[in-house]
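These notes are about the structure you will find just below.
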Amino acid sequence: MAAVLTAAISVSAQELYLKPAQATTGWSSFENLNGIKNAGGQRNKEAKGAAFASVKAGETKVLLDVKGTGIIQRIWCTIRNREPKMLRSLRLQMFWDGDAKPAVDVPLGDFFVANTGKTVAFQSALFASPEGRSYNCFIPMPFRKGARVLLINEGTEDQKMLYFDIDFIKVPSLPANAQYFHAFWNRQANNPLKKDYEILPGLKGNGRFLGVSVGVFANKEYGNTWWGEGEVKMYIDGDSKYPTINGTGTEDYIGTGWGLSAFSNWYQGCPVASDSLKTYGFYRWHLPDAVYFKNEISVRLQEIGGGEDTEVKAAFLKGLPVIPISVDGENGYTNLFELKKLPAITDADFPKGWVNFYRVDDYSSVAYFYLQTTSSNLPTLAPLAERTAGIK
């Protein structure tokens, strides 16, 4: 059974021909909700009669409601209206084993890595959009007593067309160490200066941090400065002031360097990168570099940018939130906070060169993780007004 759980992430040739004992396959779609045996395609004399359904404003659609033990292997869907506000208004929930609290409670678009509201073509190990018109997820999601998946339209407009299928298998049992899939959405558009963005705030329990997708709307008022100097920090199992895992910069965490352009790789990518719009959407999957925790984990991303001293000074004089951190100049690299006296950016003798500085931008993200329990201590999804503020 362990081979089944890992199949969607890393399939070896041997695993392909090993069939788990008594495993059965089902697909839930509008043509056969819950994949009931011998019950598909009954509408319109079997001639494609229920390929899609509308999801009216305020309506909840049950996409899957099955009992027993199994594993969701793949989720695919597409919708007619893929506007940014609609993608944030559609609320995706997943419940395991009859738990009243969802393990997954996120906006539909963000879940499928459309964090900026723009659906573009990309391919990765866990998610894909082949031509930028659909959404695929390949994360295995085990359940022991049952699985329930809902889609709620919390917006004011009807979604006229939703197509989907959820592909799953039913099995007699799962390994004792098989954990439950979770996803958590967050957004911090106006963080206090110097406060880190929280990808995963104070999660309690035993599990694995699977990765994150992030959307950034950088503040255009900062001009041509770069937003992505912030380091990713992971506080694990008792870490207090200082984290165990500490990266070196945002694009470094994604696996690239010296800025960020559009690309998609198996474990990391940035499907959306617009320097003119100051809009970026990226992902990072911890598959070959697993991140485990026994009791707790917190994942944060510093809101730090960089630019030439003249640009940073101009932003400061405009009244924007700016605190210089370091300077890479003619005299080498200087950590300003380690100086006896912290110079002001407006001082005549402020070092010339590239200045890293605290700033404030609009971040949102989905953290994906496994947990030993069917629900977590994290809050439910933020209200619609918070999710869609400023989204056009």
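The way I read the labels, and the way they are meant: chains A, B, ... in the order of the structure tokens, residue 1 as the first residue of every chain, and ligand 1 as the first ligand shown, with later ones counted on from there.
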A:Lys170 environment, 7 Å, only C-alpha atoms, sequence neighbours closer than 5 positions dropped, as a ChimeraX atom specification: /A:23-25,69-71
What residues in stretch 159-366 of chain A get the DSSP label alpha helix (DSSP H)? Please answer as a short mmCIF file (atom, residue, chain, number, x, y, z; two decimals) with C-alpha atoms, in the first residue's frame.
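Printed below is states23.cif as written:
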```cif
data_model
loop_
_atom_site.label_atom_id
_atom_site.label_comp_id
_atom_site.auth_asym_id
_atom_site.auth_seq_id
_atom_site.Cartn_x
_atom_site.Cartn_y
_atom_site.Cartn_z
CA THR A 250 13.07 34.48 -2.48
CA GLU A 251 14.21 33.51 -5.96
CA ASP A 252 16.89 31.33 -4.33
CA TYR A 253 14.15 29.39 -2.52
CA ASP A 309 20.54 53.61 -3.09
CA THR A 310 19.06 56.43 -5.19
CA GLU A 311 15.90 54.40 -5.90
CA VAL A 312 15.46 53.36 -2.28
CA LYS A 313 15.97 56.93 -1.12
CA ALA A 314 13.34 58.12 -3.62
CA ALA A 315 10.86 55.57 -2.27
CA PHE A 316 11.56 56.72 1.28
CA LEU A 317 11.06 60.38 0.36
#
```
Take atom CA of A:Pro201 and atom CA of A:Gly281 and report the distance between them in Å, one decimal.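 Value for the atom CA of A:Pro201-atom CA of A:Gly281 distance: 20.4 Å.
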Residue list (strand (DSSP E or B), DSSP) for stretch 204-363 of chain A, as an MDAnalysis selection string: chainID A and resid 204 207:217 226 232:236 245:246 263:264 268:274 279:285 291:293 296:301 304:308 323:329 332:335 353:358 362:363
Selected residues, C-alpha atoms, written as a CSV table (one decimal), in the first residue's frame, please.
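Contents of out20.csv, as written:
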```csv
chain,number,residue,atom,x,y,z
A,204,LYS,CA,0.5,22.0,15.5
A,207,GLY,CA,3.4,15.8,9.5
A,208,ARG,CA,5.2,16.9,6.4
A,209,PHE,CA,5.4,20.3,4.7
A,210,LEU,CA,4.8,19.5,1.1
A,211,GLY,CA,5.4,23.0,-0.4
A,212,VAL,CA,3.8,26.3,-1.3
A,213,SER,CA,2.4,28.4,-4.1
A,214,VAL,CA,2.7,32.2,-3.7
A,215,GLY,CA,1.2,35.2,-5.4
A,216,VAL,CA,2.9,38.6,-5.1
A,217,PHE,CA,1.5,42.0,-6.2
A,226,TRP,CA,13.2,44.5,-6.6
A,232,VAL,CA,12.2,31.8,3.7
A,233,LYS,CA,12.4,30.6,7.4
A,234,MET,CA,11.0,27.4,8.9
A,235,TYR,CA,10.6,27.1,12.6
A,236,ILE,CA,10.3,23.4,13.5
A,245,ILE,CA,15.8,26.2,8.2
A,246,ASN,CA,16.8,29.5,6.7
A,263,PHE,CA,9.5,29.3,-16.0
A,264,SER,CA,8.1,26.0,-14.9
A,268,GLN,CA,9.9,24.7,-8.7
A,269,GLY,CA,8.6,27.4,-11.0
A,270,CYS,CA,7.2,30.8,-11.6
A,271,PRO,CA,4.4,30.6,-14.2
A,272,VAL,CA,3.6,34.3,-13.8
A,273,ALA,CA,6.4,37.0,-13.8
A,274,SER,CA,5.6,40.5,-15.0
A,279,THR,CA,3.0,40.6,-10.5
A,280,TYR,CA,4.6,37.3,-9.7
A,281,GLY,CA,3.3,33.8,-9.0
A,282,PHE,CA,5.6,30.9,-8.1
A,283,TYR,CA,5.7,27.5,-6.5
A,284,ARG,CA,8.1,25.2,-4.6
A,285,TRP,CA,7.5,21.5,-3.9
A,291,VAL,CA,10.5,18.8,5.3
A,292,TYR,CA,9.2,16.8,8.3
A,293,PHE,CA,8.0,18.0,11.7
A,296,GLU,CA,4.9,22.0,15.1
A,297,ILE,CA,6.0,24.1,12.2
A,298,SER,CA,5.8,27.7,11.1
A,299,VAL,CA,6.9,28.9,7.7
A,300,ARG,CA,7.6,32.6,7.0
A,301,LEU,CA,8.8,34.8,4.1
A,304,ILE,CA,12.4,42.5,1.9
A,305,GLY,CA,13.4,44.0,-1.4
A,306,GLY,CA,16.4,45.7,-2.9
A,307,GLY,CA,17.5,48.5,-5.2
A,308,GLU,CA,20.1,51.1,-5.9
A,323,ILE,CA,14.0,50.5,6.4
A,324,PRO,CA,17.4,49.9,4.9
A,325,ILE,CA,19.1,46.6,6.0
A,326,SER,CA,22.3,46.2,4.2
A,327,VAL,CA,24.4,47.8,1.4
A,328,ASP,CA,26.5,46.1,-1.3
A,329,GLY,CA,28.8,48.9,-2.4
A,332,GLY,CA,32.0,45.7,0.2
A,333,TYR,CA,28.9,44.3,1.9
A,334,THR,CA,27.7,46.1,5.0
A,335,ASN,CA,25.1,44.9,7.5
A,353,GLY,CA,25.3,50.8,-3.9
A,354,TRP,CA,22.6,48.1,-3.8
A,355,VAL,CA,20.4,48.5,-0.7
A,356,ASN,CA,18.4,45.7,0.8
A,357,PHE,CA,15.4,47.1,2.7
A,358,TYR,CA,12.2,46.2,4.5
A,362,ASP,CA,0.7,42.2,-1.2
A,363,TYR,CA,1.4,38.5,-0.6
```
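Distances from A:Arg80, A:Arg387, A:Lys85, A:Arg144 to A:Ser173 were compared using only C-alpha atoms, and the smallest one belongs to A:Arg144.
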Atom CA of A:Gly223 to atom CA of A:Ala348, straight-line distance in Å: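 These atoms are spaced 22.0 Å apart.
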Close residues, stretch 180-191 of chain A itself excluded, 8 Å, only C-alpha atoms, min 5 positions apart in chain, as a PDB file with N, CA and C atoms, in the first residue's frame:
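Dumped to selection17.pdb:
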```pdb
ATOM      1  N   TRP A  96     -12.082  14.828   5.567  1.00  0.00           N
ATOM      2  CA  TRP A  96     -11.664  13.439   5.664  1.00  0.00           C
ATOM      3  C   TRP A  96     -12.336  12.743   6.846  1.00  0.00           C
ATOM      4  N   ALA A 103     -10.091  19.895   5.995  1.00  0.00           N
ATOM      5  CA  ALA A 103      -8.628  19.861   5.957  1.00  0.00           C
ATOM      6  C   ALA A 103      -8.107  20.794   4.876  1.00  0.00           C
ATOM      7  N   VAL A 104      -8.886  20.965   3.833  1.00  0.00           N
ATOM      8  CA  VAL A 104      -8.586  21.891   2.745  1.00  0.00           C
ATOM      9  C   VAL A 104      -9.715  22.912   2.701  1.00  0.00           C
ATOM     10  N   ASP A 105      -9.370  24.195   2.754  1.00  0.00           N
ATOM     11  CA  ASP A 105     -10.369  25.271   2.733  1.00  0.00           C
ATOM     12  C   ASP A 105      -9.706  26.481   2.085  1.00  0.00           C
ATOM     13  N   VAL A 106      -9.752  26.544   0.752  1.00  0.00           N
ATOM     14  CA  VAL A 106      -8.953  27.504  -0.007  1.00  0.00           C
ATOM     15  C   VAL A 106      -9.720  27.990  -1.233  1.00  0.00           C
ATOM     16  N   PRO A 107      -9.343  29.140  -1.789  1.00  0.00           N
ATOM     17  CA  PRO A 107      -9.914  29.553  -3.074  1.00  0.00           C
ATOM     18  C   PRO A 107      -9.495  28.582  -4.173  1.00  0.00           C
ATOM     19  N   ASP A 110      -6.311  29.697  -6.372  1.00  0.00           N
ATOM     20  CA  ASP A 110      -5.050  29.645  -5.626  1.00  0.00           C
ATOM     21  C   ASP A 110      -4.609  28.204  -5.387  1.00  0.00           C
ATOM     22  N   PHE A 111      -5.568  27.319  -5.090  1.00  0.00           N
ATOM     23  CA  PHE A 111      -5.225  25.917  -4.856  1.00  0.00           C
ATOM     24  C   PHE A 111      -4.487  25.337  -6.055  1.00  0.00           C
ATOM     25  N   PRO A 140      -1.587  12.695  -3.959  1.00  0.00           N
ATOM     26  CA  PRO A 140      -2.388  11.610  -3.388  1.00  0.00           C
ATOM     27  C   PRO A 140      -2.974  12.024  -2.043  1.00  0.00           C
ATOM     28  N   MET A 141      -4.261  11.738  -1.857  1.00  0.00           N
ATOM     29  CA  MET A 141      -4.987  12.172  -0.664  1.00  0.00           C
ATOM     30  C   MET A 141      -5.704  10.969  -0.051  1.00  0.00           C
ATOM     31  N   PRO A 142      -5.080  10.320   0.934  1.00  0.00           N
ATOM     32  CA  PRO A 142      -5.683   9.128   1.530  1.00  0.00           C
ATOM     33  C   PRO A 142      -6.796   9.460   2.527  1.00  0.00           C
ATOM     34  N   PHE A 143      -7.732   8.534   2.663  1.00  0.00           N
ATOM     35  CA  PHE A 143      -8.787   8.639   3.674  1.00  0.00           C
ATOM     36  C   PHE A 143      -9.135   7.235   4.164  1.00  0.00           C
ATOM     37  N   ASP A 196       7.257  39.468   9.044  1.00  0.00           N
ATOM     38  CA  ASP A 196       7.351  38.453   8.004  1.00  0.00           C
ATOM     39  C   ASP A 196       5.966  38.037   7.527  1.00  0.00           C
ATOM     40  N   TYR A 197       5.887  37.678   6.239  1.00  0.00           N
ATOM     41  CA  TYR A 197       4.660  37.085   5.712  1.00  0.00           C
ATOM     42  C   TYR A 197       4.584  35.639   6.186  1.00  0.00           C
ATOM     43  N   GLU A 198       3.418  35.225   6.659  1.00  0.00           N
ATOM     44  CA  GLU A 198       3.245  33.887   7.215  1.00  0.00           C
ATOM     45  C   GLU A 198       2.638  32.945   6.180  1.00  0.00           C
ATOM     46  N   ILE A 199       3.463  32.058   5.662  1.00  0.00           N
ATOM     47  CA  ILE A 199       2.996  31.027   4.753  1.00  0.00           C
ATOM     48  C   ILE A 199       2.220  29.970   5.528  1.00  0.00           C
ATOM     49  N   LEU A 200       2.744  29.589   6.670  1.00  0.00           N
ATOM     50  CA  LEU A 200       2.115  28.582   7.527  1.00  0.00           C
ATOM     51  C   LEU A 200       2.279  29.026   8.972  1.00  0.00           C
ATOM     52  N   VAL A 360       6.758  46.760   2.052  1.00  0.00           N
ATOM     53  CA  VAL A 360       5.448  46.141   2.224  1.00  0.00           C
ATOM     54  C   VAL A 360       4.824  45.905   0.858  1.00  0.00           C
ATOM     55  N   ASP A 361       4.464  44.649   0.581  1.00  0.00           N
ATOM     56  CA  ASP A 361       3.806  44.277  -0.663  1.00  0.00           C
ATOM     57  C   ASP A 361       2.604  43.382  -0.338  1.00  0.00           C
ATOM     58  N   ASP A 362       1.872  42.998  -1.365  1.00  0.00           N
ATOM     59  CA  ASP A 362       0.664  42.190  -1.220  1.00  0.00           C
ATOM     60  C   ASP A 362       1.000  40.732  -1.526  1.00  0.00           C
ATOM     61  N   TYR A 363       1.039  39.893  -0.478  1.00  0.00           N
ATOM     62  CA  TYR A 363       1.367  38.478  -0.617  1.00  0.00           C
ATOM     63  C   TYR A 363       0.133  37.620  -0.358  1.00  0.00           C
ATOM     64  N   SER A 364       0.008  36.536  -1.096  1.00  0.00           N
ATOM     65  CA  SER A 364      -0.971  35.495  -0.791  1.00  0.00           C
ATOM     66  C   SER A 364      -0.331  34.151  -1.090  1.00  0.00           C
ATOM     67  N   SER A 365      -0.870  33.094  -0.506  1.00  0.00           N
ATOM     68  CA  SER A 365      -0.225  31.790  -0.689  1.00  0.00           C
ATOM     69  C   SER A 365      -1.169  30.654  -0.306  1.00  0.00           C
ATOM     70  N   VAL A 366      -0.833  29.478  -0.801  1.00  0.00           N
ATOM     71  CA  VAL A 366      -1.427  28.231  -0.329  1.00  0.00           C
ATOM     72  C   VAL A 366      -0.290  27.339   0.145  1.00  0.00           C
ATOM     73  N   ALA A 367      -0.357  26.928   1.403  1.00  0.00           N
ATOM     74  CA  ALA A 367       0.597  25.961   1.946  1.00  0.00           C
ATOM     75  C   ALA A 367      -0.034  24.578   1.866  1.00  0.00           C
ATOM     76  N   TYR A 368       0.723  23.619   1.356  1.00  0.00           N
ATOM     77  CA  TYR A 368       0.243  22.247   1.196  1.00  0.00           C
ATOM     78  C   TYR A 368       1.032  21.370   2.170  1.00  0.00           C
ATOM     79  N   PHE A 369       0.342  20.514   2.891  1.00  0.00           N
ATOM     80  CA  PHE A 369       1.044  19.688   3.871  1.00  0.00           C
ATOM     81  C   PHE A 369       0.236  18.446   4.218  1.00  0.00           C
ATOM     82  N   TYR A 370       0.931  17.464   4.759  1.00  0.00           N
ATOM     83  CA  TYR A 370       0.287  16.268   5.319  1.00  0.00           C
ATOM     84  C   TYR A 370       0.323  16.370   6.834  1.00  0.00           C
ATOM     85  N   LEU A 371      -0.715  15.828   7.464  1.00  0.00           N
ATOM     86  CA  LEU A 371      -0.827  15.854   8.918  1.00  0.00           C
ATOM     87  C   LEU A 371      -1.403  14.523   9.375  1.00  0.00           C
ATOM     88  N   GLN A 372      -1.021  14.132  10.588  1.00  0.00           N
ATOM     89  CA  GLN A 372      -1.493  12.856  11.117  1.00  0.00           C
ATOM     90  C   GLN A 372      -2.991  12.883  11.409  1.00  0.00           C
ATOM     91  N   THR A 373      -3.533  14.081  11.603  1.00  0.00           N
ATOM     92  CA  THR A 373      -4.938  14.224  11.954  1.00  0.00           C
ATOM     93  C   THR A 373      -5.753  14.735  10.759  1.00  0.00           C
ATOM     94  N   THR A 374      -7.073  14.543  10.834  1.00  0.00           N
ATOM     95  CA  THR A 374      -7.959  14.906   9.729  1.00  0.00           C
ATOM     96  C   THR A 374      -8.234  16.396   9.645  1.00  0.00           C
ATOM     97  N   SER A 375      -7.967  17.142  10.709  1.00  0.00           N
ATOM     98  CA  SER A 375      -8.084  18.600  10.670  1.00  0.00           C
ATOM     99  C   SER A 375      -6.959  19.203  11.503  1.00  0.00           C
ATOM    100  N   LEU A 378      -5.388  25.378  12.430  1.00  0.00           N
ATOM    101  CA  LEU A 378      -5.368  26.602  11.637  1.00  0.00           C
ATOM    102  C   LEU A 378      -6.785  27.134  11.411  1.00  0.00           C
ATOM    103  N   LEU A 381     -11.022  29.510   6.108  1.00  0.00           N
ATOM    104  CA  LEU A 381     -10.716  30.467   5.061  1.00  0.00           C
ATOM    105  C   LEU A 381     -11.201  31.874   5.404  1.00  0.00           C
ATOM    106  N   ALA A 382     -10.379  32.861   5.045  1.00  0.00           N
ATOM    107  CA  ALA A 382     -10.716  34.270   5.274  1.00  0.00           C
ATOM    108  C   ALA A 382     -11.979  34.642   4.495  1.00  0.00           C
ATOM    109  N   ARG A 387     -10.388  38.191   0.609  1.00  0.00           N
ATOM    110  CA  ARG A 387      -9.761  37.457  -0.477  1.00  0.00           C
ATOM    111  C   ARG A 387      -9.743  38.255  -1.777  1.00  0.00           C
TER     112      ARG A 387
END
```
Enter the distance from atom CA of A:Gly35 to atom CA of A:Tyr163, in Å, rounded to one decimal. 15.0 Å
I'd like the contact shell of stretch 38-45 of chain A - 10 Å cut-off, only C-alpha atoms, skipping same-chain residues fewer than 6 positions apart - returned as a ChimeraX atom specification. /A:27-32,51
Mind writing the picked residues with N, CA and C atoms as a PDB file, in the first residue's frame?
```
ATOM      1  N   TRP A  27     -14.250   7.178 -10.601  1.00  0.00           N
ATOM      2  CA  TRP A  27     -14.135   8.578 -11.009  1.00  0.00           C
ATOM      3  C   TRP A  27     -15.446   9.261 -10.702  1.00  0.00           C
ATOM      4  N   SER A  28     -15.362  10.378 -10.000  1.00  0.00           N
ATOM      5  CA  SER A  28     -16.563  11.166  -9.744  1.00  0.00           C
ATOM      6  C   SER A  28     -16.601  12.336 -10.710  1.00  0.00           C
ATOM      7  N   SER A  29     -17.701  12.457 -11.456  1.00  0.00           N
ATOM      8  CA  SER A  29     -17.935  13.589 -12.344  1.00  0.00           C
ATOM      9  C   SER A  29     -19.439  13.824 -12.374  1.00  0.00           C
ATOM     10  N   PHE A  30     -19.878  14.853 -13.075  1.00  0.00           N
ATOM     11  CA  PHE A  30     -21.311  15.087 -13.177  1.00  0.00           C
ATOM     12  C   PHE A  30     -22.007  13.983 -13.976  1.00  0.00           C
ATOM     13  N   GLU A  31     -21.240  13.222 -14.757  1.00  0.00           N
ATOM     14  CA  GLU A  31     -21.818  12.087 -15.473  1.00  0.00           C
ATOM     15  C   GLU A  31     -21.995  10.874 -14.561  1.00  0.00           C
ATOM     16  N   ASN A  32     -21.309  10.853 -13.416  1.00  0.00           N
ATOM     17  CA  ASN A  32     -21.467   9.748 -12.463  1.00  0.00           C
ATOM     18  C   ASN A  32     -20.894  10.168 -11.116  1.00  0.00           C
ATOM     19  N   ALA A  51     -22.164  16.644 -18.854  1.00  0.00           N
ATOM     20  CA  ALA A  51     -20.716  16.872 -18.789  1.00  0.00           C
ATOM     21  C   ALA A  51     -20.356  17.982 -17.812  1.00  0.00           C
TER      22      ALA A  51
END
```
Env of A:Arg133: 12 Å cut, atoms = only C-alpha atoms, seq-sep filter 4 positions within chain, self excluded. Answer as a PyMOL selection string. chain A and resi 76-83+109+112+114+118-122+128-129+163
I need the residues from that last selection saved to file as a JSON list (two decimals), in the first residue's frame (with C-alpha atoms), if you can.
```
[["chain", "number", "residue", "atom", "x", "y", "z"],
["A", 76, "TRP", "CA", -9.12, 17.87, -12.77],
["A", 77, "CYS", "CA", -11.52, 20.70, -13.48],
["A", 78, "THR", "CA", -12.18, 23.60, -15.80],
["A", 79, "ILE", "CA", -14.61, 26.50, -15.60],
["A", 80, "ARG", "CA", -16.05, 28.87, -18.17],
["A", 81, "ASN", "CA", -15.42, 32.06, -16.20],
["A", 82, "ARG", "CA", -11.78, 32.14, -15.11],
["A", 83, "GLU", "CA", -11.65, 35.81, -14.13],
["A", 109, "GLY", "CA", -7.73, 29.30, -8.29],
["A", 112, "PHE", "CA", -4.34, 25.17, -8.48],
["A", 114, "ALA", "CA", -3.33, 30.54, -10.12],
["A", 118, "LYS", "CA", -4.15, 34.48, -14.00],
["A", 119, "THR", "CA", -4.36, 30.94, -15.41],
["A", 120, "VAL", "CA", -1.31, 30.15, -17.53],
["A", 121, "ALA", "CA", 0.13, 26.98, -19.00],
["A", 122, "PHE", "CA", 2.65, 25.15, -16.80],
["A", 128, "ALA", "CA", -0.42, 21.47, -14.05],
["A", 129, "SER", "CA", -2.42, 23.53, -16.50],
["A", 163, "TYR", "CA", -16.49, 20.44, -15.57]]
```
Nearest to A:Gly155, chosen from A:Ser89, A:Ser134, A:Asn177, A:Ser54, with only C-alpha atoms counted in the distances: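 Among the listed residues, the smallest separation from A:Gly155 belongs to A:Ser89.
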I'd like the contact shell of A:Lys61 - 8 Å cut-off, only C-alpha atoms, skipping same-chain residues fewer than 3 positions apart - returned as JSON, numbers by chain. {"A": [55, 150, 151, 152]}
How would the residues just chosen look if you wrote them out with N, CA and C atoms as a short mmCIF file (atom, residue, chain, number, x, y, z; two decimals), in the first residue's frame?
```cif
data_model
loop_
_atom_site.label_atom_id
_atom_site.label_comp_id
_atom_site.auth_asym_id
_atom_site.auth_seq_id
_atom_site.Cartn_x
_atom_site.Cartn_y
_atom_site.Cartn_z
N VAL A 55 -22.77 26.56 -11.21
CA VAL A 55 -22.69 26.76 -9.77
C VAL A 55 -23.17 28.19 -9.52
N LEU A 150 -16.28 19.65 -1.59
CA LEU A 150 -17.30 20.63 -1.91
C LEU A 150 -16.70 21.79 -2.69
N LEU A 151 -17.54 22.40 -3.54
CA LEU A 151 -17.18 23.66 -4.19
C LEU A 151 -18.32 24.64 -3.94
N ILE A 152 -17.99 25.77 -3.32
CA ILE A 152 -18.98 26.76 -2.93
C ILE A 152 -18.73 28.05 -3.71
#
```
